[in-house]
>>> print(open('model.csv').read())   # CSV, C-alpha atoms
chain,number,residue,atom,x,y,z
A,16,MET,CA,17.7,6.5,-17.3
A,17,VAL,CA,14.2,6.8,-16.0
A,18,ASP,CA,12.0,9.7,-17.2
A,19,LYS,CA,10.3,11.8,-14.5
A,20,ILE,CA,6.5,11.7,-14.8
A,21,SER,CA,5.1,14.4,-12.6
A,22,ALA,CA,1.8,14.2,-10.7
A,23,PRO,CA,-1.1,13.9,-10.9
A,24,TRP,CA,-1.2,10.2,-11.8
A,25,ASN,CA,-4.4,8.3,-12.7
A,26,LEU,CA,-4.4,4.5,-12.2
A,27,LYS,CA,-6.9,1.8,-13.0
A,28,GLY,CA,-6.9,-1.8,-11.9
A,29,ARG,CA,-7.7,-4.4,-9.3
A,30,GLY,CA,-6.3,-5.7,-6.0
A,31,TYR,CA,-6.7,-6.8,-2.4
A,32,VAL,CA,-6.9,-4.8,0.8
A,33,ILE,CA,-6.4,-6.8,4.1
A,34,ILE,CA,-7.3,-4.8,7.2
A,35,TYR,CA,-5.8,-5.2,10.6
A,36,LYS,CA,-5.7,-3.3,13.9
A,37,PHE,CA,-2.1,-3.4,15.2
A,38,ASN,CA,-0.9,-2.6,18.7
A,39,LYS,CA,1.8,-0.1,19.5
A,40,ASP,CA,4.5,-2.7,20.3
A,41,PHE,CA,3.9,-4.6,17.1
A,42,VAL,CA,4.2,-1.4,15.1
A,43,LYS,CA,7.4,-0.3,16.9
A,44,ASP,CA,9.2,-3.6,16.5
A,45,ASN,CA,8.0,-4.9,13.1
A,46,CYS,CA,6.8,-2.2,10.8
A,47,SER,CA,9.9,-0.6,9.3
A,48,LEU,CA,9.1,2.8,10.8
A,49,PRO,CA,11.1,5.7,9.5
A,50,PRO,CA,12.8,7.7,12.3
A,51,PHE,CA,10.5,10.7,11.9
A,52,LEU,CA,7.5,8.6,12.9
A,53,ASN,CA,9.0,6.9,15.9
A,54,TYR,CA,6.7,7.1,19.0
A,55,ARG,CA,4.0,8.8,17.0
A,56,PHE,CA,1.7,5.8,16.4
A,57,ASN,CA,-1.9,6.6,17.2
A,58,GLY,CA,-3.8,3.3,16.4
A,59,GLY,CA,-6.4,3.1,13.7
A,60,PHE,CA,-6.6,0.5,11.0
A,61,GLY,CA,-3.5,-0.9,9.3
A,62,ALA,CA,-3.5,-2.6,5.9
A,63,ILE,CA,-1.7,-4.8,3.4
A,64,MET,CA,-2.5,-3.9,-0.2
A,65,ILE,CA,-1.7,-6.0,-3.2
A,66,MET,CA,-2.5,-4.1,-6.4
A,67,ASP,CA,-2.5,-4.8,-10.2
A,68,TYR,CA,-2.6,-1.6,-12.2
A,69,PHE,CA,-3.7,-2.1,-15.8
A,70,GLU,CA,-3.2,1.5,-16.6
A,71,SER,CA,-1.0,4.2,-15.0
A,72,ASN,CA,1.1,7.2,-16.2
A,73,VAL,CA,4.1,4.8,-16.5
A,74,GLY,CA,2.2,1.8,-17.9
A,75,PRO,CA,1.0,-1.4,-16.2
A,76,TYR,CA,2.6,-2.5,-13.0
A,77,GLN,CA,2.0,-4.4,-9.7
A,78,GLU,CA,2.4,-3.2,-6.1
A,79,LEU,CA,2.6,-4.6,-2.6
A,80,LEU,CA,2.5,-2.1,0.3
A,81,PHE,CA,2.1,-1.9,4.1
A,82,ILE,CA,0.4,0.8,6.2
A,83,PRO,CA,0.7,0.3,10.0
A,84,GLY,CA,-2.1,2.7,10.9
A,85,LYS,CA,-2.4,6.4,12.0
A,86,PHE,CA,0.3,8.6,13.3
A,87,ILE,CA,0.2,12.0,15.0
A,88,TYR,CA,2.5,14.4,13.1
A,89,ASN,CA,2.5,18.2,13.3
A,90,ASN,CA,-0.6,17.9,15.5
A,91,LYS,CA,-2.6,16.1,12.8
A,92,LYS,CA,-3.4,12.4,12.0
A,93,TYR,CA,-1.9,10.8,9.0
A,94,TYR,CA,-1.3,7.4,7.5
A,95,SER,CA,2.1,6.4,6.1
A,96,ILE,CA,3.3,3.7,3.8
A,97,THR,CA,6.3,2.2,5.5
A,98,LYS,CA,7.1,-0.7,3.1
A,99,ILE,CA,6.3,-0.8,-0.6
A,100,TYR,CA,7.4,-2.9,-3.6
A,101,VAL,CA,6.5,-2.3,-7.2
A,102,SER,CA,7.3,-4.2,-10.5
A,103,SER,CA,8.4,-1.1,-12.4
A,104,MET,CA,11.5,1.0,-12.1
A,105,GLU,CA,9.6,4.0,-13.5
A,106,SER,CA,7.2,3.6,-10.5
A,107,VAL,CA,10.1,3.3,-8.1
A,108,VAL,CA,11.8,6.5,-9.2
A,109,ASN,CA,8.7,8.6,-9.6
A,110,GLY,CA,7.1,7.3,-6.5
A,111,LYS,CA,10.0,8.6,-4.5
A,112,GLU,CA,10.2,11.9,-6.3
A,113,ASN,CA,6.5,12.7,-6.5
A,114,TRP,CA,5.2,11.5,-3.1
A,115,GLY,CA,8.2,10.4,-1.0
A,116,MET,CA,7.2,6.8,-1.0
A,117,PRO,CA,10.0,4.3,-0.1
A,118,LYS,CA,9.4,2.1,-3.2
A,119,GLN,CA,11.7,-0.8,-4.0
A,120,PHE,CA,11.7,-3.0,-7.1
A,121,ALA,CA,10.4,-6.6,-7.0
A,122,ASN,CA,9.0,-9.3,-9.3
A,123,PHE,CA,5.4,-10.2,-9.2
A,124,ASN,CA,3.8,-13.5,-10.4
A,125,PHE,CA,0.1,-14.2,-10.5
A,126,ASN,CA,-2.6,-16.2,-12.2
A,127,ASP,CA,-5.2,-14.8,-14.6
A,128,ASP,CA,-7.8,-13.9,-12.1
A,129,PHE,CA,-5.2,-12.5,-9.6
A,130,SER,CA,-6.2,-15.0,-6.8
A,131,LYS,CA,-2.7,-16.5,-6.4
A,132,ILE,CA,0.2,-14.0,-6.1
A,133,SER,CA,3.8,-14.3,-5.3
A,134,VAL,CA,6.4,-11.5,-4.9
A,135,ASP,CA,10.2,-11.9,-4.9
A,136,ILE,CA,13.5,-10.1,-5.2
A,137,GLU,CA,15.9,-12.0,-7.4
A,138,GLY,CA,14.4,-15.3,-6.4
A,139,ILE,CA,14.1,-14.5,-2.7
A,140,ASN,CA,10.5,-14.8,-1.7
A,141,ILE,CA,8.8,-11.8,0.0
A,142,LEU,CA,5.2,-12.9,0.0
A,143,ASP,CA,2.9,-15.8,-1.1
A,144,PHE,CA,-0.8,-15.0,-1.2
A,145,LYS,CA,-3.9,-16.9,-2.1
A,146,ALA,CA,-7.6,-15.8,-1.7
A,147,ASN,CA,-11.1,-16.5,-2.9
A,148,TYR,CA,-13.9,-14.0,-2.9
A,149,ARG,CA,-17.7,-13.7,-2.8
A,150,HIS,CA,-19.9,-12.8,-5.8
A,151,LEU,CA,-21.7,-9.8,-4.3
A,152,LYS,CA,-20.2,-6.4,-5.2
A,153,PHE,CA,-20.7,-3.1,-3.5
A,154,PRO,CA,-19.3,0.4,-4.2
A,155,LEU,CA,-16.2,1.6,-2.4
A,156,SER,CA,-14.8,5.2,-2.2
A,157,THR,CA,-12.1,7.0,-0.3
A,158,LYS,CA,-14.7,9.6,0.5
A,159,LEU,CA,-16.0,7.1,3.1
A,160,VAL,CA,-12.5,6.3,4.5
A,161,PRO,CA,-10.1,9.2,3.8
A,162,LEU,CA,-6.4,8.2,3.8
A,163,PRO,CA,-4.2,11.3,4.1
A,164,LEU,CA,-0.6,10.3,3.8
A,165,VAL,CA,2.7,11.7,5.1
A,166,GLN,CA,6.0,10.4,3.8
A,167,ARG,CA,9.6,11.7,4.1
A,168,TYR,CA,12.3,11.6,1.4
A,169,ASN,CA,15.5,13.5,1.1
A,170,LYS,CA,14.7,15.5,4.2
A,171,LYS,CA,11.4,16.7,2.8
A,172,ASP,CA,7.9,15.9,4.0
A,173,TYR,CA,5.3,14.9,1.4
A,174,TYR,CA,1.6,15.3,2.2
A,175,THR,CA,-0.8,13.6,-0.2
A,176,LYS,CA,-4.6,13.1,-0.3
A,177,PHE,CA,-5.4,10.5,-2.9
A,178,PHE,CA,-8.9,9.8,-4.3
A,179,GLY,CA,-10.3,6.5,-5.5
A,180,LYS,CA,-13.5,4.6,-6.2
A,181,GLY,CA,-14.4,1.2,-7.5
A,182,LYS,CA,-16.3,-2.0,-6.7
A,183,ALA,CA,-15.4,-4.3,-3.8
A,184,ARG,CA,-16.2,-7.9,-2.7
A,185,PHE,CA,-15.4,-9.5,0.6
A,186,ALA,CA,-12.5,-11.9,0.2
A,187,LYS,CA,-11.2,-14.9,2.2
A,188,VAL,CA,-7.4,-15.2,2.6
A,189,LYS,CA,-6.4,-18.8,2.1
A,190,LYS,CA,-2.7,-18.3,2.3
A,191,LEU,CA,-0.4,-15.5,3.5
A,192,LYS,CA,3.2,-16.4,3.8
A,193,ILE,CA,5.7,-13.6,4.5
A,194,ASN,CA,9.5,-13.3,4.7
A,195,SER,CA,9.9,-11.2,7.8
A,196,THR,CA,13.3,-9.9,6.7
A,197,LEU,CA,11.7,-8.1,3.8
A,198,PHE,CA,8.2,-7.3,4.9
A,199,PRO,CA,6.3,-6.9,8.2
A,200,LYS,CA,5.4,-10.3,9.5
A,201,VAL,CA,1.6,-10.2,10.1
A,202,GLU,CA,0.8,-13.9,10.0
A,203,ASP,CA,0.2,-14.0,13.8
A,204,GLN,CA,-1.9,-10.8,13.7
A,205,ARG,CA,-5.7,-11.1,13.5
A,206,ARG,CA,-7.2,-10.0,10.2
A,207,LEU,CA,-10.4,-7.9,10.7
A,208,PHE,CA,-11.6,-8.4,7.1
A,209,SER,CA,-10.3,-8.6,3.5
A,210,LEU,CA,-11.6,-7.0,0.3
A,211,ARG,CA,-11.0,-7.7,-3.4
A,212,ILE,CA,-11.2,-4.4,-5.2
A,213,GLU,CA,-12.2,-4.3,-8.9
A,214,ASP,CA,-12.9,-1.7,-11.6
A,215,PHE,CA,-11.2,1.0,-9.5
A,216,ASN,CA,-9.9,4.3,-10.5
A,217,ILE,CA,-7.5,6.2,-8.3
A,218,THR,CA,-5.8,9.6,-8.6
A,219,PHE,CA,-2.6,10.7,-6.9
A,220,PRO,CA,-2.4,14.5,-7.0
A,221,LYS,CA,0.7,16.5,-6.6
A,222,ALA,CA,2.0,16.3,-3.0
A,223,ASP,CA,2.3,19.3,-0.7
A,224,LEU,CA,6.0,19.6,0.3
A,225,GLN,CA,7.5,20.9,3.5
A,226,PHE,CA,11.2,21.3,4.0
>>> encode(input="model.csv", output="structure tokens")
Amino acid sequence: MVDKISAPWNLKGRGYVIIYKFNKDFVKDNCSLPPFLNYRFNGGFGAIMIMDYFESNVGPYQELLFIPGKFIYNNKKYYSITKIYVSSMESVVNGKENWGMPKQFANFNFNDDFSKISVDIEGINILDFKANYRHLKFPLSTKLVPLPLVQRYNKKDYYTKFFGKGKARFAKVKKLKINSTLFPKVEDQRRLFSLRIEDFNITFPKADLQF
């Protein structure tokens, strides 16, 4: 039995953000869209995020997620997480209940400096990733790039505006191998840039619910 840990949550850790700009056909055919977002894609920047949380309201865990870009929903623009894996069942259950996120459990393996990462489900590979990064750090904040989210779970819409800040470095992806049956296959899509995020703090407040 997993305890429910209500929002807000505060998380600290490190990770990678890989930025893309996907076209409408790729998103429609490859990005695990929930039915309520079909034909609502509105462009913008998409992303893969690979996170290592040292601290959270349910303890340390890792996360792999995919955001296709922006969607028009109820006459406003939102982002949405259409695929997400985490290494903690507490995060799976509470992520669905608190924010409507479609979290699934997976195993994460990585080296000490988090530059080589693999993700699998019961030995079936989801992603292999390797990157190096530059030394120069610069500040990064969601105030510069707001990411309002909309998710749907159990016939309810969850609207969340999370807040975060930390330090970033430009990174170079050396390897990105994806199992397209378990995660959107982006290897053939052009990466715009990649960042390694460090010393970050992020807050997920209580979501606004609409039935």
>>> atom_distance(input="model.csv", atom1="CA of Leu52 in chain A", atom2="CA of Thr196 in chain A")
20.4 Å
>>> residues_near_point(input="model.csv", point="(-19.8, 0.0, -5.4)", cutoff="12 Å", atoms="only C-alpha atoms", output="mmCIF file with C-alpha atoms, in the frame of the given file")
data_model
loop_
_atom_site.group_PDB
_atom_site.id
_atom_site.type_symbol
_atom_site.label_atom_id
_atom_site.label_comp_id
_atom_site.auth_asym_id
_atom_site.auth_seq_id
_atom_site.Cartn_x
_atom_site.Cartn_y
_atom_site.Cartn_z
ATOM 1 C CA LEU A 151 -21.700 -9.800 -4.300
ATOM 2 C CA LYS A 152 -20.200 -6.400 -5.200
ATOM 3 C CA PHE A 153 -20.700 -3.100 -3.500
ATOM 4 C CA PRO A 154 -19.300 0.400 -4.200
ATOM 5 C CA LEU A 155 -16.200 1.600 -2.400
ATOM 6 C CA SER A 156 -14.800 5.200 -2.200
ATOM 7 C CA THR A 157 -12.100 7.000 -0.300
ATOM 8 C CA LEU A 159 -16.000 7.100 3.100
ATOM 9 C CA GLY A 179 -10.300 6.500 -5.500
ATOM 10 C CA LYS A 180 -13.500 4.600 -6.200
ATOM 11 C CA GLY A 181 -14.400 1.200 -7.500
ATOM 12 C CA LYS A 182 -16.300 -2.000 -6.700
ATOM 13 C CA ALA A 183 -15.400 -4.300 -3.800
ATOM 14 C CA ARG A 184 -16.200 -7.900 -2.700
ATOM 15 C CA ARG A 211 -11.000 -7.700 -3.400
ATOM 16 C CA ILE A 212 -11.200 -4.400 -5.200
ATOM 17 C CA GLU A 213 -12.200 -4.300 -8.900
ATOM 18 C CA ASP A 214 -12.900 -1.700 -11.600
ATOM 19 C CA PHE A 215 -11.200 1.000 -9.500
ATOM 20 C CA ASN A 216 -9.900 4.300 -10.500
#
>>> residues_around(input="model.csv", residues="Phe177 in chain A", least_positions_apart="4", cutoff="10 Å", atoms="all atoms listed in the file", output="PyMOL selection string")
chain A and resi 23-24+157-158+161-164+217-222
>>> closest_residue(input="model.csv", among="A:Met64, A:Ile20, A:Val165, A:Val42", to="Tyr93 in chain A", atoms="only C-alpha atoms")
A:Val165
>>> residues_around(input="model.csv", residues="Gln225 in chain A", least_positions_apart="6", cutoff="10 Å", atoms="all atoms listed in the file", output="VMD selection string")
chain A and resid 167 170 to 174
>>> atom_distance(input="model.csv", atom1="CA of Lys190 in chain A", atom2="CA of Ile34 in chain A")
15.1 Å
>>> atom_distance(input="model.csv", atom1="CA of Gln204 in chain A", atom2="CA of Glu78 in chain A")
21.6 Å
>>> residues_around(input="model.csv", residues="range 85-89 of chain A", least_positions_apart="3", cutoff="7 Å", atoms="all atoms listed in the file", output="ChimeraX atom specification")
/A:55-59,92-94
>>> closest_residue(input="model.csv", among="A:Arg206, A:Lys189, A:Lys111, A:Lys131", to="Ile65 in chain A", atoms="all atoms listed in the file")
A:Lys131
>>> closest_residue(input="model.csv", among="A:Gln119, A:Gln166, A:Thr175, A:Ser130", to="Val188 in chain A", atoms="all atoms listed in the file")
A:Ser130
